[in-house]
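Here's the structure, in structure tokens; my notes come after.
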Amino acid sequence: MALLEIRNLSVDFKTAGGKFRAVDNVDVAVDKGDLMAIVGESGSGKSVSMLAVMGLLPWTATVTADVMRFDGQDLLKMPARKRRQIIGRDISMIFQEPMSSLNPCFTVGFQIKEALKSHLGLDRKQRHARAIELLEQVGIPAPEKRLSAFPHQLSGGMSQRMMIAMALACKPKLLIADEPTTALDVTIQAQILELLTDLQKNTGMALILITHDMGVVAETVDRVAVQYAGRRVEEQNVVDLFDDPHHPYTAALLAALPERAHNRLLPTIKGVVPGQFDKIDGCVFAPRCQFADARCRAVPPKPAGKELGDALCHYPLIKGQPQNKEMSA
Amino acid sequence: MSQPILKAEGLKRHYELKGGMFSSDATVRALDGASFELTPGRTLAVVGESGCGKSTLARVVTMIEPPTEGTLTIEGRKIEPDSVAKDPDLRAKVQIVFQDPYGSLNPRQTIGKTLMEPLKINRPDVSAKEREQRARDMLQMVGLRPEHFERYPHMFSGGQRQRVAVARALMLDPKILVLDEPVSALDLSIQSQILNLLVELQDRLDLAYLFVSHDLSVVRHFCDDLLVMYLGKPVEQGPKDEVFDAPRHPYTKALLSATPQADPRRKRQRIKLQGELPSPMNVPPGCPFNPRCWKATEECRTVVPQLEGGDHRFACFHPLEPGEVPEPKTAEAV
Ligand SMILES: Nc1ncnc2c1ncn2[C@@H]1O[C@H](COP(=O)(O)OP(=O)(O)OP(=O)(O)O)[C@@H](O)[C@H]1O
Ligand SMILES: Nc1ncnc2c1ncn2[C@@H]1O[C@H](COP(=O)(O)OP(=O)(O)O)[C@@H](O)[C@H]1O
Ligand code: SF4
Ligand code: SF4
Ligand SMILES: [Mg+2]
Ligand SMILES: [Mg+2]
């Protein structure tokens with residue numbers, strides 16, 4: 001049974017310019033101990049889709065879904081109070097900017113102990129011991145001393161470790177890490193990614209890593225969901241995705257990686273991601289897709305089936321070749 | 001190969017910080033002795049972690065700030081502190097493009113105005129009509145459309161704004177373009193468009209590039225020569241392929257091994273460095289890398305290694321031999 005199962009998740013924002021759909025019919029399935037990534041360019045709805053699961057979106061957002069289950073419980077039907085209890089204990093989330101997620105006015109020790117207080121019913125002494133244990137677990141040297149540090153006294157890498165420690169405070173079953181290393185240097189990034197995957201291995205918690213970095217994806221996770229303009233356009237295990245992407249967007253994105261380049265000029269994807277006011281009837285990728293035809297521009301595609309990574313495309317690629325194209329052209 | 005157009009020798013830039021009530025004055029050695037050459041049609045990339053002095057180097061080369069020590073020679077002419085004031089054409093020769101395509105353009109100015117402004121200030125002899133024509137030509141050269149001339153920055157995407165920033169930098173016909181993280185803020189699909197534009201412009205205008213980046217896969221694709229900095233000091237520099245294929249400085253090796261590669265089949269050989277980058281206010285004695293280095297000896301902790309070698313230079317007492325694998329006991333290879 002899936003740990004987290006979501007079907008047809010959509011998020012609409014009320015904006016000055018009218019309704020804006022940031023996430024459109026996305027499915028998510030995560031099993032216990034899974035290690036998966038959501039990749040996509042900025043604005044593709046990666047964060048919003050996970051914030052929707054966490055119930056952390058502002059009131060301007062309308063979240064709808066056919067199914068939203070966590071650990072056998074129906075999150076949609078559950079009273080708000082119960083849902084908040086599960087979230088924060090069994091699901092935790094960490095964010096890109098560690099500095100802005102820690103409260104500058106309190107010591108990190110105080111903040112970790114507060115997190116423990118609200119969920120686990122430990123007494124003061126136990127909380128102190130658990131806080132030290134957590135800092136040790138995330139590789140912070142001299143944890144006893146660090147508990148009395150204020151956030152501004154920590155480096156970027158250290159603050160991110162603190163955030164992870166706080167996220168682990170209640171032994172979550174699922175950790176969602178939203179661009180946890182984007183603000184860090186590569187040598188520190190390597191340390192943090194390793195910490196996250198070690199935790200996933202050793203504690204059996206599932207990890208969803210949100211990132212836009214294909215290198216991080218390739219080196220870190222087992223399964224990848226690719227998102228474009230609020231849609232999930234493809235999902236495969238990591239090796240197959242890099243070997244044989246089925247959606248034209250994934251294929252074009254991988255081809256544009258400088259490290260895969262064969263010439264001084266890189267292959268490009270023409271144009272830009274559609275904005276709120278671009279009206280698109282058919283496939284959202286059609287304005288930029290090299291395989292687009294009249295059908296693509298008129299009819300939104302459906303997922304192409306499991307064996308094709310559920311590519312959201314009329315003509316999913318196999319080894320770079322569009323399928324079913326002649327028949328319908 | 002053509003002659004170098006710019007020579008930098010022992011460039012330093014230090015900042016004095018006034019101490020507060022509880023701390024004494026301090027010196028930040030943001031840039032601490034860089035020597036290199038820039039050549040028309042070629043790209044020198046500067047890489048290193050945040051705070052290692054890349055942007056400081058970029059500002060000194062662009063003559064926005066004078067070096068604290070060292071010399072800058074452009075087209076055979078030594079740059080003095082008052083050179084730019086005496087000869088505005090000198091500043092025109094070196095132009096800079098910054099990382100942030102949002103902050104670097106004036107939001108209240110049309111793109112056309114933004115492009116014409118440098119001409120208006122620096123080339124008053126150019127007529128208004130000629131100015132507009134040149135700005136329109138430039139718009140086309142960087143792949144923007146004629147109707148963009150009248151638009152404001154907020155109407156553009158990040159990639160388009162970066163095209164405008166490049167166009168503006170080119171308005172005075174510079175010989176040298178300093179690119180400080182020009183694609184770091186852009187999405188992957190837009191990044192390749194801008195990198196291609198820069199390649200085309202370099203070929204067409206024979207520009208010398210100083211390309212600052214922390215993204216080693218972009219650098220490997222884009223540059224000819226590489227300069228690796230650590231805490232304000234170059235620790236290794238040389239032709240790209242030599243440095244990438246056979247790094248001699250342990251820091252270069254660690255940096256390369258920590259850079260994620262978009263190949264899930266690759267066996268990871270990450271060197272996990274202990275600890276973090278020290279502050280440039282507090283550079284360790286001896287080799288600046290010694291607290292994090294798995295090869296450090298007593299000598300490294302007391303004596304500062306100098307950059308040595310020919311084309312491919314490195315500052316290390318115990319350089320890596322080709323094929324050398326870091327000892328797993330001290331530096332964990334994962
Ligand atoms: N005007 C200044 N006064 C004091 N310190 C400064 C000043 N400018 C830069 N520094 C310091 O000098 C060091 C080098 O800064 P620089 O901006 O060159 O780094 P960088 O390599 O470009 O980093 P990043 O990758 O984060 O852009 C940093 O520690 C910075 O805080
Ligand atoms: N509070 C909000 N109000 C309106 N639009 C929003 C809000 N939060 C996010 N969006 C929009 O939703 C889209 C998806 O955002 P997000 O999930 O943050 O993207 P990313 O994939 O970069 O994480 C973007 O177009 C963003 O501008
Ligand atoms: S449906 Fe058509 S336009 Fe959309 S990705 Fe597939 S081929 Fe391209
Ligand atoms: S000089 Fe010593 S400490 Fe510095 S990089 Fe070389 S081996 Fe390491
Ligand atoms: Mg986001
Ligand atoms: Mg910088």
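Residues are referred to by chain and number: the chain letter is A, B, ... according to the order shown in the structure tokens, the number counts from 1 in that chain, and ligands are numbered separately from 1 in the order shown.
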With a cut-off of 6 Å and counting only C-alpha atoms, select all residues of chain B in contact with chain A and give the selection as an MDAnalysis selection string.
chainID B and resid 49 187 189 192:193 196 217:218 221 258:264
Okay, now the selection with all heavy atoms, as a short mmCIF file (atom, residue, chain, number, x, y, z; two decimals), in the first residue's frame?
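Final output, part36.cif:
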```cif
data_model
loop_
_atom_site.label_atom_id
_atom_site.label_comp_id
_atom_site.auth_asym_id
_atom_site.auth_seq_id
_atom_site.Cartn_x
_atom_site.Cartn_y
_atom_site.Cartn_z
N GLU B 49 34.02 28.30 -4.42
CA GLU B 49 32.82 28.37 -3.61
C GLU B 49 32.45 29.80 -3.26
O GLU B 49 33.26 30.72 -3.40
CB GLU B 49 33.02 27.54 -2.35
CG GLU B 49 33.04 26.06 -2.65
CD GLU B 49 33.38 25.23 -1.43
OE1 GLU B 49 34.56 25.12 -1.09
OE2 GLU B 49 32.46 24.69 -0.83
N ASP B 187 16.61 29.24 -15.76
CA ASP B 187 16.24 27.85 -15.88
C ASP B 187 17.05 27.17 -16.97
O ASP B 187 17.50 27.80 -17.91
CB ASP B 187 14.75 27.75 -16.23
CG ASP B 187 13.90 27.73 -14.97
OD1 ASP B 187 14.32 27.07 -14.02
OD2 ASP B 187 12.85 28.38 -14.96
N SER B 189 16.35 25.39 -19.53
CA SER B 189 16.00 25.51 -20.95
C SER B 189 16.37 26.90 -21.48
O SER B 189 16.57 27.08 -22.67
CB SER B 189 14.51 25.23 -21.17
OG SER B 189 13.71 26.30 -20.73
N SER B 192 20.67 27.39 -21.82
CA SER B 192 21.36 26.99 -23.05
C SER B 192 21.19 28.05 -24.14
O SER B 192 22.11 28.27 -24.93
CB SER B 192 20.87 25.62 -23.53
OG SER B 192 19.47 25.60 -23.65
N GLN B 193 20.06 28.74 -24.15
CA GLN B 193 19.88 29.82 -25.13
C GLN B 193 20.90 30.93 -24.91
O GLN B 193 21.50 31.44 -25.86
CB GLN B 193 18.47 30.42 -25.03
CG GLN B 193 17.34 29.46 -25.40
CD GLN B 193 15.95 30.06 -25.12
OE1 GLN B 193 15.83 31.20 -24.68
NE2 GLN B 193 14.92 29.28 -25.37
N ASN B 196 24.52 29.86 -25.76
CA ASN B 196 24.72 29.88 -27.21
C ASN B 196 24.91 31.30 -27.73
O ASN B 196 25.76 31.55 -28.59
CB ASN B 196 23.54 29.23 -27.93
CG ASN B 196 23.57 27.72 -27.81
OD1 ASN B 196 24.52 27.14 -27.28
ND2 ASN B 196 22.53 27.07 -28.31
N SER B 217 29.78 22.17 -14.66
CA SER B 217 29.44 21.56 -15.94
C SER B 217 29.24 22.64 -17.00
O SER B 217 29.57 22.43 -18.17
CB SER B 217 28.23 20.63 -15.84
OG SER B 217 27.26 21.13 -14.97
N VAL B 218 28.75 23.80 -16.61
CA VAL B 218 28.66 24.92 -17.55
C VAL B 218 30.07 25.38 -17.94
O VAL B 218 30.38 25.58 -19.10
CB VAL B 218 27.87 26.10 -16.94
CG1 VAL B 218 28.03 27.35 -17.78
CG2 VAL B 218 26.41 25.74 -16.80
N HIS B 221 31.91 23.14 -20.38
CA HIS B 221 31.41 23.29 -21.74
C HIS B 221 31.92 24.59 -22.37
O HIS B 221 32.22 24.66 -23.55
CB HIS B 221 29.88 23.29 -21.73
CG HIS B 221 29.27 23.69 -23.04
ND1 HIS B 221 29.28 22.84 -24.12
CD2 HIS B 221 28.69 24.83 -23.45
CE1 HIS B 221 28.70 23.45 -25.14
NE2 HIS B 221 28.34 24.66 -24.76
N ALA B 258 32.61 16.68 -6.09
CA ALA B 258 31.35 17.02 -5.42
C ALA B 258 30.31 17.52 -6.40
O ALA B 258 29.14 17.62 -6.07
CB ALA B 258 31.60 18.09 -4.36
N THR B 259 30.72 17.86 -7.62
CA THR B 259 29.79 18.38 -8.60
C THR B 259 28.93 17.25 -9.15
O THR B 259 29.44 16.31 -9.73
CB THR B 259 30.55 19.05 -9.76
OG1 THR B 259 31.35 20.08 -9.22
CG2 THR B 259 29.59 19.63 -10.78
N PRO B 260 27.62 17.33 -8.95
CA PRO B 260 26.78 16.23 -9.42
C PRO B 260 26.78 16.14 -10.94
O PRO B 260 26.79 17.15 -11.62
CB PRO B 260 25.38 16.61 -8.93
CG PRO B 260 25.55 17.77 -8.02
CD PRO B 260 26.85 18.41 -8.34
N GLN B 261 26.80 14.93 -11.44
CA GLN B 261 26.80 14.72 -12.88
C GLN B 261 25.49 14.07 -13.28
O GLN B 261 25.00 13.18 -12.58
CB GLN B 261 27.93 13.78 -13.27
CG GLN B 261 29.24 14.20 -12.66
CD GLN B 261 30.25 14.53 -13.71
OE1 GLN B 261 30.54 13.74 -14.58
NE2 GLN B 261 30.77 15.74 -13.63
N ALA B 262 24.99 14.50 -14.43
CA ALA B 262 23.69 14.01 -14.87
C ALA B 262 23.82 12.64 -15.51
O ALA B 262 23.43 12.43 -16.66
CB ALA B 262 23.06 15.01 -15.83
N ASP B 263 24.37 11.69 -14.77
CA ASP B 263 24.52 10.34 -15.29
C ASP B 263 24.31 9.35 -14.15
O ASP B 263 25.22 9.09 -13.37
CB ASP B 263 25.92 10.18 -15.90
CG ASP B 263 26.16 8.75 -16.36
OD1 ASP B 263 25.20 7.93 -16.32
OD2 ASP B 263 27.29 8.44 -16.75
N PRO B 264 23.10 8.79 -14.06
CA PRO B 264 22.79 7.93 -12.91
C PRO B 264 23.61 6.64 -12.88
O PRO B 264 23.67 5.98 -11.85
CB PRO B 264 21.30 7.63 -13.08
CG PRO B 264 20.94 8.01 -14.47
CD PRO B 264 21.96 8.96 -14.96
#
```
Name the residues of segment 11-259 of chain A that fall into strand (DSSP E or B) according to DSSP on the backbone, using the chain letters and numbers of this document, as number ranges by chain.
A: 11-15, 18-30, 35-39, 61-64, 67-70, 73-74, 87, 91-94, 174-178, 206-211, 223-228, 231-237
Expected answer as a ChimeraX atom specification: residues within 9 Å of ligand 1, only C-alpha atoms and all ligand atoms:
/A:185 /B:13-17,27-31,46-59,99,180-181,212-214,229-232,279-281
Would you save the residues from that selection as a short mmCIF file (atom, residue, chain, number, x, y, z; two decimals), in the first residue's frame, using N, CA, C and O atoms?
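So the final result, stored in out06.cif, reads:
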```cif
data_model
loop_
_atom_site.label_atom_id
_atom_site.label_comp_id
_atom_site.auth_asym_id
_atom_site.auth_seq_id
_atom_site.Cartn_x
_atom_site.Cartn_y
_atom_site.Cartn_z
N ASP A 185 26.96 25.67 -1.37
CA ASP A 185 28.06 25.32 -2.25
C ASP A 185 28.10 23.82 -2.51
O ASP A 185 27.63 23.04 -1.69
N ARG B 13 42.75 42.55 -3.52
CA ARG B 13 41.76 43.53 -3.07
C ARG B 13 41.41 43.18 -1.63
O ARG B 13 40.82 42.13 -1.36
N HIS B 14 41.83 44.04 -0.74
CA HIS B 14 41.55 43.82 0.68
C HIS B 14 40.55 44.86 1.16
O HIS B 14 40.54 45.98 0.68
N TYR B 15 39.72 44.48 2.11
CA TYR B 15 38.79 45.42 2.72
C TYR B 15 39.10 45.53 4.20
O TYR B 15 39.28 44.52 4.87
N GLU B 16 39.16 46.77 4.68
CA GLU B 16 39.38 46.98 6.11
C GLU B 16 38.02 47.08 6.78
O GLU B 16 37.18 47.87 6.36
N LEU B 17 37.80 46.28 7.79
CA LEU B 17 36.55 46.37 8.52
C LEU B 17 36.82 47.02 9.87
O LEU B 17 37.71 46.59 10.61
N THR B 27 40.94 42.67 8.55
CA THR B 27 41.12 42.80 7.11
C THR B 27 40.50 41.60 6.43
O THR B 27 40.78 40.46 6.79
N VAL B 28 39.62 41.86 5.45
CA VAL B 28 39.07 40.78 4.63
C VAL B 28 39.93 40.69 3.38
O VAL B 28 39.99 41.63 2.59
N ARG B 29 40.61 39.56 3.22
CA ARG B 29 41.42 39.38 2.02
C ARG B 29 40.54 38.75 0.93
O ARG B 29 40.66 37.57 0.63
N ALA B 30 39.64 39.58 0.39
CA ALA B 30 38.65 39.06 -0.57
C ALA B 30 39.32 38.50 -1.81
O ALA B 30 38.91 37.49 -2.36
N LEU B 31 40.36 39.20 -2.26
CA LEU B 31 41.14 38.72 -3.41
C LEU B 31 42.59 38.87 -3.00
O LEU B 31 43.01 39.93 -2.57
N VAL B 46 36.48 31.46 -13.95
CA VAL B 46 36.90 31.51 -12.56
C VAL B 46 35.88 30.74 -11.74
O VAL B 46 34.70 31.06 -11.77
N VAL B 47 36.33 29.71 -11.04
CA VAL B 47 35.40 28.91 -10.24
C VAL B 47 35.85 28.86 -8.79
O VAL B 47 37.01 29.12 -8.47
N GLY B 48 34.93 28.50 -7.93
CA GLY B 48 35.23 28.38 -6.51
C GLY B 48 33.96 28.59 -5.72
O GLY B 48 32.94 29.01 -6.27
N GLU B 49 34.02 28.30 -4.42
CA GLU B 49 32.82 28.37 -3.61
C GLU B 49 32.45 29.80 -3.26
O GLU B 49 33.26 30.72 -3.40
N SER B 50 31.25 29.96 -2.77
CA SER B 50 30.74 31.27 -2.42
C SER B 50 31.72 32.00 -1.49
O SER B 50 32.23 31.42 -0.54
N GLY B 51 31.98 33.26 -1.81
CA GLY B 51 32.84 34.05 -0.95
C GLY B 51 34.33 33.90 -1.23
O GLY B 51 35.15 34.47 -0.52
N CYS B 52 34.70 33.14 -2.27
CA CYS B 52 36.12 32.92 -2.50
C CYS B 52 36.75 34.08 -3.26
O CYS B 52 37.94 34.10 -3.52
N GLY B 53 35.95 35.07 -3.66
CA GLY B 53 36.52 36.26 -4.27
C GLY B 53 36.28 36.40 -5.76
O GLY B 53 36.86 37.27 -6.41
N LYS B 54 35.38 35.60 -6.31
CA LYS B 54 35.13 35.64 -7.75
C LYS B 54 34.58 37.00 -8.18
O LYS B 54 35.10 37.62 -9.12
N SER B 55 33.54 37.46 -7.50
CA SER B 55 32.94 38.74 -7.89
C SER B 55 33.88 39.90 -7.62
O SER B 55 33.88 40.89 -8.35
N THR B 56 34.68 39.79 -6.56
CA THR B 56 35.65 40.84 -6.28
C THR B 56 36.64 40.94 -7.44
O THR B 56 36.95 42.03 -7.93
N LEU B 57 37.11 39.79 -7.90
CA LEU B 57 38.00 39.77 -9.05
C LEU B 57 37.32 40.41 -10.26
O LEU B 57 37.91 41.23 -10.98
N ALA B 58 36.05 40.05 -10.47
CA ALA B 58 35.31 40.60 -11.61
C ALA B 58 35.23 42.12 -11.52
O ALA B 58 35.41 42.82 -12.52
N ARG B 59 35.00 42.66 -10.33
CA ARG B 59 34.89 44.11 -10.18
C ARG B 59 36.22 44.81 -10.40
O ARG B 59 36.28 45.90 -10.97
N GLN B 99 24.80 38.53 -12.56
CA GLN B 99 23.95 37.34 -12.42
C GLN B 99 22.47 37.66 -12.48
O GLN B 99 21.70 36.98 -13.14
N ASP B 180 29.62 37.69 -14.72
CA ASP B 180 29.58 37.19 -13.34
C ASP B 180 28.32 36.35 -13.14
O ASP B 180 27.24 36.87 -12.93
N GLU B 181 28.46 35.05 -13.23
CA GLU B 181 27.34 34.11 -13.09
C GLU B 181 26.19 34.48 -14.02
O GLU B 181 25.05 34.62 -13.56
N VAL B 212 32.71 34.04 -14.72
CA VAL B 212 32.67 33.64 -13.32
C VAL B 212 31.50 32.70 -13.09
O VAL B 212 30.37 33.01 -13.51
N SER B 213 31.75 31.55 -12.47
CA SER B 213 30.65 30.62 -12.28
C SER B 213 30.97 29.66 -11.15
O SER B 213 32.12 29.44 -10.82
N HIS B 214 29.92 29.10 -10.55
CA HIS B 214 30.20 28.04 -9.60
C HIS B 214 29.71 26.71 -10.19
O HIS B 214 29.83 25.68 -9.56
N MET B 229 39.70 29.18 -7.47
CA MET B 229 40.04 30.02 -6.33
C MET B 229 39.57 29.39 -5.03
O MET B 229 38.54 28.71 -4.97
N TYR B 230 40.34 29.67 -3.98
CA TYR B 230 39.95 29.24 -2.65
C TYR B 230 40.35 30.33 -1.68
O TYR B 230 41.53 30.71 -1.62
N LEU B 231 39.40 30.87 -0.93
CA LEU B 231 39.66 31.94 0.04
C LEU B 231 40.50 33.07 -0.54
O LEU B 231 41.50 33.46 0.05
N GLY B 232 40.12 33.55 -1.70
CA GLY B 232 40.78 34.71 -2.29
C GLY B 232 42.03 34.40 -3.10
O GLY B 232 42.56 35.29 -3.75
N SER B 279 36.13 31.68 7.12
CA SER B 279 35.83 33.03 6.66
C SER B 279 37.10 33.70 6.14
O SER B 279 38.19 33.46 6.66
N PRO B 280 36.98 34.54 5.11
CA PRO B 280 38.18 35.19 4.57
C PRO B 280 38.78 36.20 5.54
O PRO B 280 39.84 36.76 5.28
N MET B 281 38.10 36.44 6.67
CA MET B 281 38.68 37.30 7.70
C MET B 281 39.65 36.50 8.54
O MET B 281 40.42 37.03 9.30
#
```
Distance limit 8 Å, reference ligand 3, atoms considered: only C-alpha atoms and all ligand atoms. Which residues make the cut? Give them as a PDB file with C-alpha atoms, in the first residue's frame.
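Okay, this is what ended up in pocket-v3.pdb:
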```pdb
ATOM      1  CA  HIS A 247       8.160  12.990 -23.008  1.00  0.00           C
ATOM      2  CA  PRO A 248       9.550  15.483 -25.552  1.00  0.00           C
ATOM      3  CA  TYR A 249      10.078  18.050 -22.779  1.00  0.00           C
ATOM      4  CA  GLY A 282      -4.114  21.419 -26.385  1.00  0.00           C
ATOM      5  CA  CYS A 283      -0.806  20.215 -24.956  1.00  0.00           C
ATOM      6  CA  VAL A 284       0.909  22.814 -22.721  1.00  0.00           C
ATOM      7  CA  PHE A 285       4.268  22.011 -24.293  1.00  0.00           C
ATOM      8  CA  ALA A 286       3.039  22.376 -27.894  1.00  0.00           C
ATOM      9  CA  PRO A 287       4.356  25.964 -28.429  1.00  0.00           C
ATOM     10  CA  ARG A 288       7.886  24.723 -27.725  1.00  0.00           C
ATOM     11  CA  CYS A 289       7.748  21.117 -28.911  1.00  0.00           C
ATOM     12  CA  GLN A 290       9.539  20.031 -32.064  1.00  0.00           C
ATOM     13  CA  PHE A 291       7.004  17.248 -32.639  1.00  0.00           C
ATOM     14  CA  ALA A 292       3.870  19.341 -32.212  1.00  0.00           C
ATOM     15  CA  ASP A 293       1.136  19.097 -34.831  1.00  0.00           C
ATOM     16  CA  ARG A 295      -3.757  17.521 -32.875  1.00  0.00           C
ATOM     17  CA  CYS A 296      -1.309  18.598 -30.164  1.00  0.00           C
ATOM     18  CA  ARG A 297      -2.480  22.182 -30.435  1.00  0.00           C
ATOM     19  CA  PRO A 300      -4.837  17.882 -24.428  1.00  0.00           C
ATOM     20  CA  PRO A 301      -2.958  14.573 -24.257  1.00  0.00           C
ATOM     21  CA  LEU A 312       1.593  13.235 -21.005  1.00  0.00           C
ATOM     22  CA  CYS A 313       1.923  13.213 -24.783  1.00  0.00           C
ATOM     23  CA  HIS A 314       0.087  12.095 -27.928  1.00  0.00           C
ATOM     24  CA  TYR A 315       3.312  10.840 -29.459  1.00  0.00           C
ATOM     25  CA  PRO A 316       5.524   9.606 -26.600  1.00  0.00           C
ATOM     26  CA  PRO A 322       7.720   9.762 -31.594  1.00  0.00           C
TER      27      PRO A 322
END
```
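Of note, atom CA of Ala169 of chain A and atom CA of Ala115 of chain A are spaced 6.8 Å apart.
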Can you tell me which residues surround Leu35 of chain A at a distance of at most 9 Å, considering only C-alpha atoms, apart from same-chain residues fewer than 2 positions away, and format the answer as a ChimeraX atom specification?
/A:30-31,33,37,197,200,205-209,220-224
Those residues with N, CA, C and O atoms, as an mmCIF file, in the first residue's frame please?
```cif
data_model
loop_
_atom_site.group_PDB
_atom_site.id
_atom_site.type_symbol
_atom_site.label_atom_id
_atom_site.label_comp_id
_atom_site.auth_asym_id
_atom_site.auth_seq_id
_atom_site.Cartn_x
_atom_site.Cartn_y
_atom_site.Cartn_z
ATOM 1 N N VAL A 30 3.783 7.546 -3.301
ATOM 2 C CA VAL A 30 5.059 7.312 -2.632
ATOM 3 C C VAL A 30 4.894 6.146 -1.684
ATOM 4 O O VAL A 30 3.976 6.136 -0.862
ATOM 5 N N ASP A 31 5.798 5.155 -1.805
ATOM 6 C CA ASP A 31 5.758 4.015 -0.888
ATOM 7 C C ASP A 31 6.678 4.254 0.297
ATOM 8 O O ASP A 31 7.524 5.140 0.263
ATOM 9 N N GLY A 33 9.719 4.209 2.497
ATOM 10 C CA GLY A 33 11.138 4.095 2.173
ATOM 11 C C GLY A 33 11.515 4.530 0.768
ATOM 12 O O GLY A 33 12.665 4.382 0.366
ATOM 13 N N ALA A 37 12.334 12.061 -6.676
ATOM 14 C CA ALA A 37 12.543 13.479 -6.921
ATOM 15 C C ALA A 37 11.411 14.019 -7.770
ATOM 16 O O ALA A 37 10.846 13.308 -8.594
ATOM 17 N N THR A 197 20.103 10.996 2.201
ATOM 18 C CA THR A 197 19.927 9.629 1.705
ATOM 19 C C THR A 197 20.315 8.607 2.774
ATOM 20 O O THR A 197 19.710 7.545 2.856
ATOM 21 N N GLN A 200 17.319 8.303 4.956
ATOM 22 C CA GLN A 200 16.278 7.530 4.279
ATOM 23 C C GLN A 200 16.596 6.038 4.383
ATOM 24 O O GLN A 200 15.727 5.229 4.678
ATOM 25 N N MET A 205 12.442 6.049 6.376
ATOM 26 C CA MET A 205 11.465 7.076 5.992
ATOM 27 C C MET A 205 11.539 7.296 4.479
ATOM 28 O O MET A 205 12.561 7.044 3.845
ATOM 29 N N ALA A 206 10.435 7.735 3.897
ATOM 30 C CA ALA A 206 10.428 8.047 2.476
ATOM 31 C C ALA A 206 10.899 9.485 2.292
ATOM 32 O O ALA A 206 10.696 10.320 3.175
ATOM 33 N N LEU A 207 11.548 9.755 1.149
ATOM 34 C CA LEU A 207 12.060 11.091 0.897
ATOM 35 C C LEU A 207 11.600 11.573 -0.473
ATOM 36 O O LEU A 207 11.768 10.879 -1.477
ATOM 37 N N ILE A 208 10.983 12.759 -0.498
ATOM 38 C CA ILE A 208 10.687 13.411 -1.776
ATOM 39 C C ILE A 208 11.602 14.616 -1.879
ATOM 40 O O ILE A 208 11.558 15.518 -1.038
ATOM 41 N N LEU A 209 12.448 14.620 -2.890
ATOM 42 C CA LEU A 209 13.392 15.701 -3.077
ATOM 43 C C LEU A 209 12.903 16.578 -4.230
ATOM 44 O O LEU A 209 12.720 16.097 -5.339
ATOM 45 N N THR A 220 21.147 11.108 -6.775
ATOM 46 C CA THR A 220 20.561 10.966 -5.455
ATOM 47 C C THR A 220 19.381 10.006 -5.370
ATOM 48 O O THR A 220 19.277 9.246 -4.420
ATOM 49 N N VAL A 221 18.476 10.044 -6.351
ATOM 50 C CA VAL A 221 17.199 9.349 -6.139
ATOM 51 C C VAL A 221 17.026 8.109 -7.011
ATOM 52 O O VAL A 221 17.828 7.849 -7.913
ATOM 53 N N ASP A 222 15.978 7.353 -6.725
ATOM 54 C CA ASP A 222 15.667 6.154 -7.503
ATOM 55 C C ASP A 222 14.616 6.423 -8.570
ATOM 56 O O ASP A 222 14.617 5.816 -9.624
ATOM 57 N N ARG A 223 13.689 7.335 -8.248
ATOM 58 C CA ARG A 223 12.564 7.547 -9.151
ATOM 59 C C ARG A 223 12.381 9.044 -9.355
ATOM 60 O O ARG A 223 12.643 9.840 -8.452
ATOM 61 N N VAL A 224 11.929 9.428 -10.555
ATOM 62 C CA VAL A 224 11.841 10.847 -10.879
ATOM 63 C C VAL A 224 10.500 11.186 -11.511
ATOM 64 O O VAL A 224 10.048 10.490 -12.422
#
```
Surrounding residues as a ChimeraX atom specification, ligand 4, max 10 Å, only C-alpha atoms and all ligand atoms:
/B:235,248-252,286-306,314-320
Tell me, which residues of segment 54-119 of chain A carry DSSP helix (DSSP H, G or I), written as an mmCIF file with C-alpha atoms, in the first residue's frame?
```
data_model
loop_
_atom_site.group_PDB
_atom_site.id
_atom_site.type_symbol
_atom_site.label_atom_id
_atom_site.label_comp_id
_atom_site.auth_asym_id
_atom_site.auth_seq_id
_atom_site.Cartn_x
_atom_site.Cartn_y
_atom_site.Cartn_z
ATOM 1 C CA MET A 54 1.083 19.843 3.832
ATOM 2 C CA ALA A 80 -8.504 19.998 10.106
ATOM 3 C CA ARG A 81 -7.188 19.420 13.626
ATOM 4 C CA LYS A 82 -6.453 15.750 13.071
ATOM 5 C CA ARG A 83 -4.831 16.530 9.768
ATOM 6 C CA ARG A 84 -2.503 19.072 11.339
ATOM 7 C CA GLN A 85 -1.553 16.433 13.885
ATOM 8 C CA ILE A 86 -0.481 13.958 11.220
ATOM 9 C CA PRO A 98 17.404 27.572 5.942
ATOM 10 C CA MET A 99 18.070 31.038 7.369
ATOM 11 C CA SER A 100 14.558 32.274 6.751
ATOM 12 C CA SER A 101 12.935 29.186 8.259
ATOM 13 C CA VAL A 108 18.293 26.627 17.873
ATOM 14 C CA GLY A 109 18.054 24.437 20.963
ATOM 15 C CA PHE A 110 14.895 26.207 22.026
ATOM 16 C CA GLN A 111 13.394 25.783 18.563
ATOM 17 C CA ILE A 112 14.159 22.086 18.338
ATOM 18 C CA LYS A 113 12.760 21.474 21.825
ATOM 19 C CA GLU A 114 9.593 23.399 20.933
ATOM 20 C CA ALA A 115 9.119 21.114 17.938
ATOM 21 C CA LEU A 116 9.492 18.100 20.226
ATOM 22 C CA LYS A 117 7.088 19.534 22.777
ATOM 23 C CA SER A 118 4.206 19.983 20.400
ATOM 24 C CA HIS A 119 4.239 16.412 19.207
#
```
